[in-house]
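Working notes for the structure below.
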Amino acid sequence: MAEDKSDKTEPASPKRIQDARENGQVMKSREVTTAFVFVVVIIYLYFNISHIGGILSNQLVYFLSNFSRLNLNYTACIKIMDNLIYAVVYAVLPFILIVFFASLVSNIAQVGFLLTFQPLIPNITRINPISGFKRFFSLQSVNELVKSVFKFFVLSSIAYFTCAPYLKKILVLQYMTPSFDIFFMVKLIYKLFFNIVMAMIVLAIADLFIQRYQYNKGLMMTKQEVKDEAKQFEGDRQIKGKIRKMQREIARRRILKEVKNAHVIITNPTHFAVALKYDNKKYNAPVVLAKGADNLALLIKKIAKENDIPTVENKYVARTLYETCEPGQAIPASLYKAVAEILAHLYTTNEKFKQIWSFIK
C-alpha cells in the first residue's frame with residue numbers, strides 16, 4: 001500500500017539527496033538560466049551590435065550596389081547565397097556560442113558538474129498513457145502553467161508601460177530624419193530590454209526559492225523510511241567494523257609470526273617497540289620485521305619475552321625507527337652506528353644472540 005504524502009514529514013537525508021542526484025533529480029531553476037542568458041546576450045549586443053550590423057549592412061550595400069551589373073544565372077545565384085550565408089554565420093555564430101556557453105555556465109553553477117545517464121534509461125511508465133495523463137494534470141504541471149502565465153503577464157505589462165509614453169513620438173517618426181529615428185528606436189529598445197531584464201532577474205530569484213522548496217519537499221521522507229535507512233546504514237557500519245576487526249586480527253597474527261623471527265626488540269620503553277632482524281648473508285643492514293605503539297608495543301614485548309628474544313630500551317632509536325621505517329625496510333644509514341652499538345652490547349652479554357650475529361669482529 002502506497003504511503004500518503006502527508007506522512008513525509010522528515011527532511012531528506014544526505015543519502016537520499018545523493019541518490020536523487022545520481023538519478024538526475026537535481027534542484028534547478030529554468031528562470032535563472034533564462035535570465036542569466038538574457039543578461040549575457042544584452043551585454044554582448046551592447047558591445048558588438050555595431051560590428052554585427054556593419055557585417056550585414058556591408059553585404060546589403062554590396063548586393064544593392066552591384067545588382068544592376070549582376071548576371072543572375074545559376075552560378076551567380078549560388079555565389080550570392082554563399083556570400084550571404086557566410087556573412088550571416090560570421091555575424092551570428094559568436095552570438096550562438098555566447099548563448100550556449102552562458103546556458104552551460106548557468107546550469108553548472110546551479111547543479112555542479114554532473115554526468116549521469118540514468119534519465120536516458122528506458123522506463124515503461126514514461127510511455128504509459130495513463131501515467132502520462134496523470135503527469136499532464138499533476139500539481140507540478142499546474143504550477144508550471146501558472147508560473148508561465150504569470151511571467152507572460154508581468155513581461156507584457158512591463159513592455160506596455162515602457163512603450164506607452166513613447167507611442168505619440170513613434171507615430172511622428174516618419175517626419176523625422178533617419179538618424180533621429182534610429183537613435184530614438186535604439187534608445188527605446190534598450191530601455192525596454194533593461195526593464196525586462198530587471199523583471200526577469202526578480203522572477204528568477206523568486207523561482208529559485210520556489211524550486212528549492214519544491215525540491216526539498218519532493219525528497220522528504222517518512223519516519224519509516226528514515227528508520228529503514230538508518231538500519232541499512234547501521235548494517236553497513238557493522239559489516240565495515242567486522243572487516244576492520246578481521247584486518248586487525250590478520251595484522252596481529254602477522255606481527256606474532258614476524259616477531260618470533262626477530263633478533264632484538266628496541267623499545268621506548270612503553271610507547272613504541274620495533275622488532276629487528278639481521279642476516280649478513282641476505283641483508284646489508286638490519287631490517288624492521290614489525291613495529292607497534294601502545295597496546296601493540298606491549299604485545300610485541302610479550303611475544304619477545306615468551307620466545308627469549310632480547311629487549312633493549314633506547315628511546316631515540318625506537319621512536320626514530322617507528323616513524324621512519326615500515327616492516328620489511330632496512331634501517332636508515334643515520335642509525336647504523338646506534339644500532340651497531342646495541343648489537344655489539346648484546347653480542348657481549350647474550351650467548352644466544354652471539355651465535356647468530358657474526359658481522360662484528
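Ligands are numbered from 1 in the order shown, residues from 1 within each chain, and chains are lettered A, B, ... in the order they appear in the C-alpha cells.
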**Request:** Tell me which protein, DNA and RNA residues are within 7 Å of range 289-298 of chain A, counting only C-alpha atoms, leaving out same-chain ones fewer than 3 positions away, and put them as a PyMOL selection string.
**Result:** chain A and resi 255+258-259+262+270-277+301-302+322+327-328
Can I get the selected residues back with N, CA and C atoms, as a PDB file, in the first residue's frame?
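The result, stored in selection04.pdb:
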ATOM      1  N   ILE A 255      52.155 -10.020  12.867  1.00  0.00           N
ATOM      2  CA  ILE A 255      53.150  -9.498  13.813  1.00  0.00           C
ATOM      3  C   ILE A 255      53.669 -10.618  14.711  1.00  0.00           C
ATOM      4  N   GLU A 258      56.112 -12.612  12.715  1.00  0.00           N
ATOM      5  CA  GLU A 258      57.351 -11.915  12.394  1.00  0.00           C
ATOM      6  C   GLU A 258      58.207 -11.685  13.637  1.00  0.00           C
ATOM      7  N   VAL A 259      57.573 -11.348  14.755  1.00  0.00           N
ATOM      8  CA  VAL A 259      58.332 -11.042  15.973  1.00  0.00           C
ATOM      9  C   VAL A 259      59.110 -12.267  16.442  1.00  0.00           C
ATOM     10  N   ALA A 262      62.555 -12.305  15.104  1.00  0.00           N
ATOM     11  CA  ALA A 262      63.415 -11.149  15.357  1.00  0.00           C
ATOM     12  C   ALA A 262      64.628 -11.536  16.198  1.00  0.00           C
ATOM     13  N   THR A 270      57.684   2.166  26.841  1.00  0.00           N
ATOM     14  CA  THR A 270      56.296   1.698  26.896  1.00  0.00           C
ATOM     15  C   THR A 270      55.481   2.062  25.666  1.00  0.00           C
ATOM     16  N   HIS A 271      55.872   3.120  24.964  1.00  0.00           N
ATOM     17  CA  HIS A 271      55.036   3.604  23.849  1.00  0.00           C
ATOM     18  C   HIS A 271      55.342   2.908  22.536  1.00  0.00           C
ATOM     19  N   PHE A 272      56.609   2.604  22.271  1.00  0.00           N
ATOM     20  CA  PHE A 272      56.974   2.037  20.979  1.00  0.00           C
ATOM     21  C   PHE A 272      57.796   0.779  21.172  1.00  0.00           C
ATOM     22  N   ALA A 273      57.672  -0.117  20.183  1.00  0.00           N
ATOM     23  CA  ALA A 273      58.507  -1.320  20.142  1.00  0.00           C
ATOM     24  C   ALA A 273      58.743  -1.680  18.689  1.00  0.00           C
ATOM     25  N   VAL A 274      60.021  -1.941  18.348  1.00  0.00           N
ATOM     26  CA  VAL A 274      60.405  -2.259  16.972  1.00  0.00           C
ATOM     27  C   VAL A 274      61.223  -3.542  16.995  1.00  0.00           C
ATOM     28  N   ALA A 275      60.794  -4.509  16.172  1.00  0.00           N
ATOM     29  CA  ALA A 275      61.497  -5.791  16.080  1.00  0.00           C
ATOM     30  C   ALA A 275      62.471  -5.752  14.905  1.00  0.00           C
ATOM     31  N   LEU A 276      63.750  -6.061  15.171  1.00  0.00           N
ATOM     32  CA  LEU A 276      64.798  -6.041  14.149  1.00  0.00           C
ATOM     33  C   LEU A 276      65.358  -7.432  13.929  1.00  0.00           C
ATOM     34  N   LYS A 277      65.755  -7.651  12.692  1.00  0.00           N
ATOM     35  CA  LYS A 277      66.451  -8.884  12.350  1.00  0.00           C
ATOM     36  C   LYS A 277      67.616  -8.544  11.449  1.00  0.00           C
ATOM     37  N   LYS A 301      56.460  -6.898  22.973  1.00  0.00           N
ATOM     38  CA  LYS A 301      57.379  -7.202  24.092  1.00  0.00           C
ATOM     39  C   LYS A 301      56.995  -8.517  24.786  1.00  0.00           C
ATOM     40  N   LYS A 302      55.688  -8.788  24.846  1.00  0.00           N
ATOM     41  CA  LYS A 302      55.238 -10.037  25.456  1.00  0.00           C
ATOM     42  C   LYS A 302      55.692 -11.237  24.638  1.00  0.00           C
ATOM     43  N   TYR A 322      60.365   3.730  14.454  1.00  0.00           N
ATOM     44  CA  TYR A 322      58.910   3.653  14.314  1.00  0.00           C
ATOM     45  C   TYR A 322      58.385   4.688  13.322  1.00  0.00           C
ATOM     46  N   PRO A 327      57.575  -2.135   8.113  1.00  0.00           N
ATOM     47  CA  PRO A 327      58.008  -3.536   8.127  1.00  0.00           C
ATOM     48  C   PRO A 327      58.523  -3.983   6.761  1.00  0.00           C
ATOM     49  N   GLY A 328      59.704  -4.617   6.782  1.00  0.00           N
ATOM     50  CA  GLY A 328      60.337  -5.048   5.546  1.00  0.00           C
ATOM     51  C   GLY A 328      61.418  -4.113   5.040  1.00  0.00           C
TER      52      GLY A 328
END
At a cut-off of 12 Å, using only C-alpha atoms, what residues contact Ile49 in chain A? Leave out same-chain residues fewer than 3 positions from it and give the result as a PDB file with N, CA and C atoms, in the first residue's frame.
ATOM      1  N   VAL A  41      23.497  38.069 -23.168  1.00  0.00           N
ATOM      2  CA  VAL A  41      23.201  38.463 -24.556  1.00  0.00           C
ATOM      3  C   VAL A  41      23.124  39.986 -24.676  1.00  0.00           C
ATOM      4  N   ILE A  42      22.462  40.622 -23.718  1.00  0.00           N
ATOM      5  CA  ILE A  42      22.343  42.087 -23.756  1.00  0.00           C
ATOM      6  C   ILE A  42      23.729  42.736 -23.678  1.00  0.00           C
ATOM      7  N   ILE A  43      24.559  42.231 -22.781  1.00  0.00           N
ATOM      8  CA  ILE A  43      25.914  42.784 -22.653  1.00  0.00           C
ATOM      9  C   ILE A  43      26.698  42.582 -23.942  1.00  0.00           C
ATOM     10  N   TYR A  44      26.570  41.385 -24.520  1.00  0.00           N
ATOM     11  CA  TYR A  44      27.292  41.106 -25.770  1.00  0.00           C
ATOM     12  C   TYR A  44      26.820  42.030 -26.889  1.00  0.00           C
ATOM     13  N   LEU A  45      25.511  42.182 -27.018  1.00  0.00           N
ATOM     14  CA  LEU A  45      24.985  43.031 -28.089  1.00  0.00           C
ATOM     15  C   LEU A  45      25.346  44.496 -27.862  1.00  0.00           C
ATOM     16  N   TYR A  46      25.433  44.914 -26.607  1.00  0.00           N
ATOM     17  CA  TYR A  46      25.770  46.303 -26.325  1.00  0.00           C
ATOM     18  C   TYR A  46      27.147  46.655 -26.885  1.00  0.00           C
ATOM     19  N   ILE A  52      28.145  43.618 -35.705  1.00  0.00           N
ATOM     20  CA  ILE A  52      27.229  42.721 -36.413  1.00  0.00           C
ATOM     21  C   ILE A  52      26.472  43.478 -37.497  1.00  0.00           C
ATOM     22  N   GLY A  53      25.970  44.674 -37.146  1.00  0.00           N
ATOM     23  CA  GLY A  53      25.261  45.474 -38.142  1.00  0.00           C
ATOM     24  C   GLY A  53      26.158  45.871 -39.298  1.00  0.00           C
ATOM     25  N   GLY A  54      27.436  46.145 -39.016  1.00  0.00           N
ATOM     26  CA  GLY A  54      28.360  46.509 -40.076  1.00  0.00           C
ATOM     27  C   GLY A  54      28.566  45.379 -41.067  1.00  0.00           C
ATOM     28  N   ILE A  55      28.703  44.156 -40.555  1.00  0.00           N
ATOM     29  CA  ILE A  55      28.895  42.999 -41.448  1.00  0.00           C
ATOM     30  C   ILE A  55      27.693  42.813 -42.361  1.00  0.00           C
ATOM     31  N   LEU A  56      26.489  42.841 -41.768  1.00  0.00           N
ATOM     32  CA  LEU A  56      25.285  42.615 -42.569  1.00  0.00           C
ATOM     33  C   LEU A  56      25.008  43.789 -43.517  1.00  0.00           C
ATOM     34  N   SER A  57      25.237  45.016 -43.034  1.00  0.00           N
ATOM     35  CA  SER A  57      24.984  46.169 -43.896  1.00  0.00           C
ATOM     36  C   SER A  57      25.968  46.226 -45.061  1.00  0.00           C
ATOM     37  N   ALA A  91      28.470  36.692 -38.598  1.00  0.00           N
ATOM     38  CA  ALA A  91      27.913  37.684 -37.675  1.00  0.00           C
ATOM     39  C   ALA A  91      27.178  37.039 -36.507  1.00  0.00           C
ATOM     40  N   VAL A  92      26.509  35.899 -36.766  1.00  0.00           N
ATOM     41  CA  VAL A  92      25.618  35.309 -35.760  1.00  0.00           C
ATOM     42  C   VAL A  92      26.283  34.198 -34.952  1.00  0.00           C
ATOM     43  N   PRO A  94      29.177  33.864 -33.271  1.00  0.00           N
ATOM     44  CA  PRO A  94      29.608  34.229 -31.906  1.00  0.00           C
ATOM     45  C   PRO A  94      28.434  34.399 -30.951  1.00  0.00           C
ATOM     46  N   PHE A  95      27.337  34.954 -31.471  1.00  0.00           N
ATOM     47  CA  PHE A  95      26.141  35.133 -30.647  1.00  0.00           C
ATOM     48  C   PHE A  95      25.590  33.786 -30.184  1.00  0.00           C
ATOM     49  N   VAL A 186      16.670  52.819 -31.001  1.00  0.00           N
ATOM     50  CA  VAL A 186      17.699  52.115 -30.236  1.00  0.00           C
ATOM     51  C   VAL A 186      17.569  52.435 -28.753  1.00  0.00           C
ATOM     52  N   TYR A 190      16.626  49.606 -25.925  1.00  0.00           N
ATOM     53  CA  TYR A 190      17.495  49.347 -24.787  1.00  0.00           C
ATOM     54  C   TYR A 190      16.766  49.568 -23.455  1.00  0.00           C
TER      55      TYR A 190
END
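Take CA of Gln110 in chain A and CA of Asn195 in chain A: the distance between them is 24.5 Å.
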**Asked** Can you list, as an MDAnalysis selection string, every residue of range 263-321 of chain A that DSSP puts in alpha helix (DSSP H)?
**Response** chainID A and resid 295:306 315:321
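Note that CA of Lys245 in chain A and CA of Gln329 in chain A are 25.8 Å apart.
With only C-alpha atoms as the atoms that count, the residue of A:Leu256, A:Ser50, A:Val317, A:Ile309 with the shortest distance to Pro269 in chain A is A:Val317.
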**Message:** Restricting the calculation to only C-alpha atoms: of A:Val146, A:Ala35, A:Ile78, A:Ala164, which residue gets closest to Ser103 in chain A?
**Reply:** A:Ala35
**Request:** For each of A:Asn143, A:Ser65, A:Asn261, A:Thr177, take the minimum atom-to-atom distance to Val287 in chain A, counting only C-alpha atoms, then give the residue where this is smallest.
**Result:** A:Asn261
**Request:** Determine, counting only C-alpha atoms, which protein, DNA and RNA residues have an atom within 10 Å of an atom of range 206-213 of chain A; residues of the same chain fewer than 4 positions away are not included. Present the result as number ranges by chain.
**Result:** A: 26-32, 110, 147, 200-202, 217-218
Resulting file, chosen residues, C-alpha atoms, as a PDB file, in the first residue's frame:
ATOM      1  CA  VAL A  26      18.530  17.984  -9.030  1.00  0.00           C
ATOM      2  CA  MET A  27      17.373  21.419  -7.934  1.00  0.00           C
ATOM      3  CA  LYS A  28      17.446  23.730 -10.943  1.00  0.00           C
ATOM      4  CA  SER A  29      15.548  26.837 -11.998  1.00  0.00           C
ATOM      5  CA  ARG A  30      14.954  27.439 -15.685  1.00  0.00           C
ATOM      6  CA  GLU A  31      14.146  31.057 -14.935  1.00  0.00           C
ATOM      7  CA  VAL A  32      17.651  31.595 -13.548  1.00  0.00           C
ATOM      8  CA  GLN A 110      23.176  25.677 -10.080  1.00  0.00           C
ATOM      9  CA  LYS A 147       4.154  30.449 -13.496  1.00  0.00           C
ATOM     10  CA  MET A 200      13.437  38.519 -15.247  1.00  0.00           C
ATOM     11  CA  ILE A 201      16.121  38.719 -12.561  1.00  0.00           C
ATOM     12  CA  VAL A 202      13.460  39.279  -9.892  1.00  0.00           C
ATOM     13  CA  LYS A 217       9.570  18.861  -0.252  1.00  0.00           C
ATOM     14  CA  GLY A 218       9.703  16.235  -3.004  1.00  0.00           C
TER      15      GLY A 218
END
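The interatomic distance for the pair CA of Ile239 in chain A and CA of Gln224 in chain A works out to 22.5 Å.
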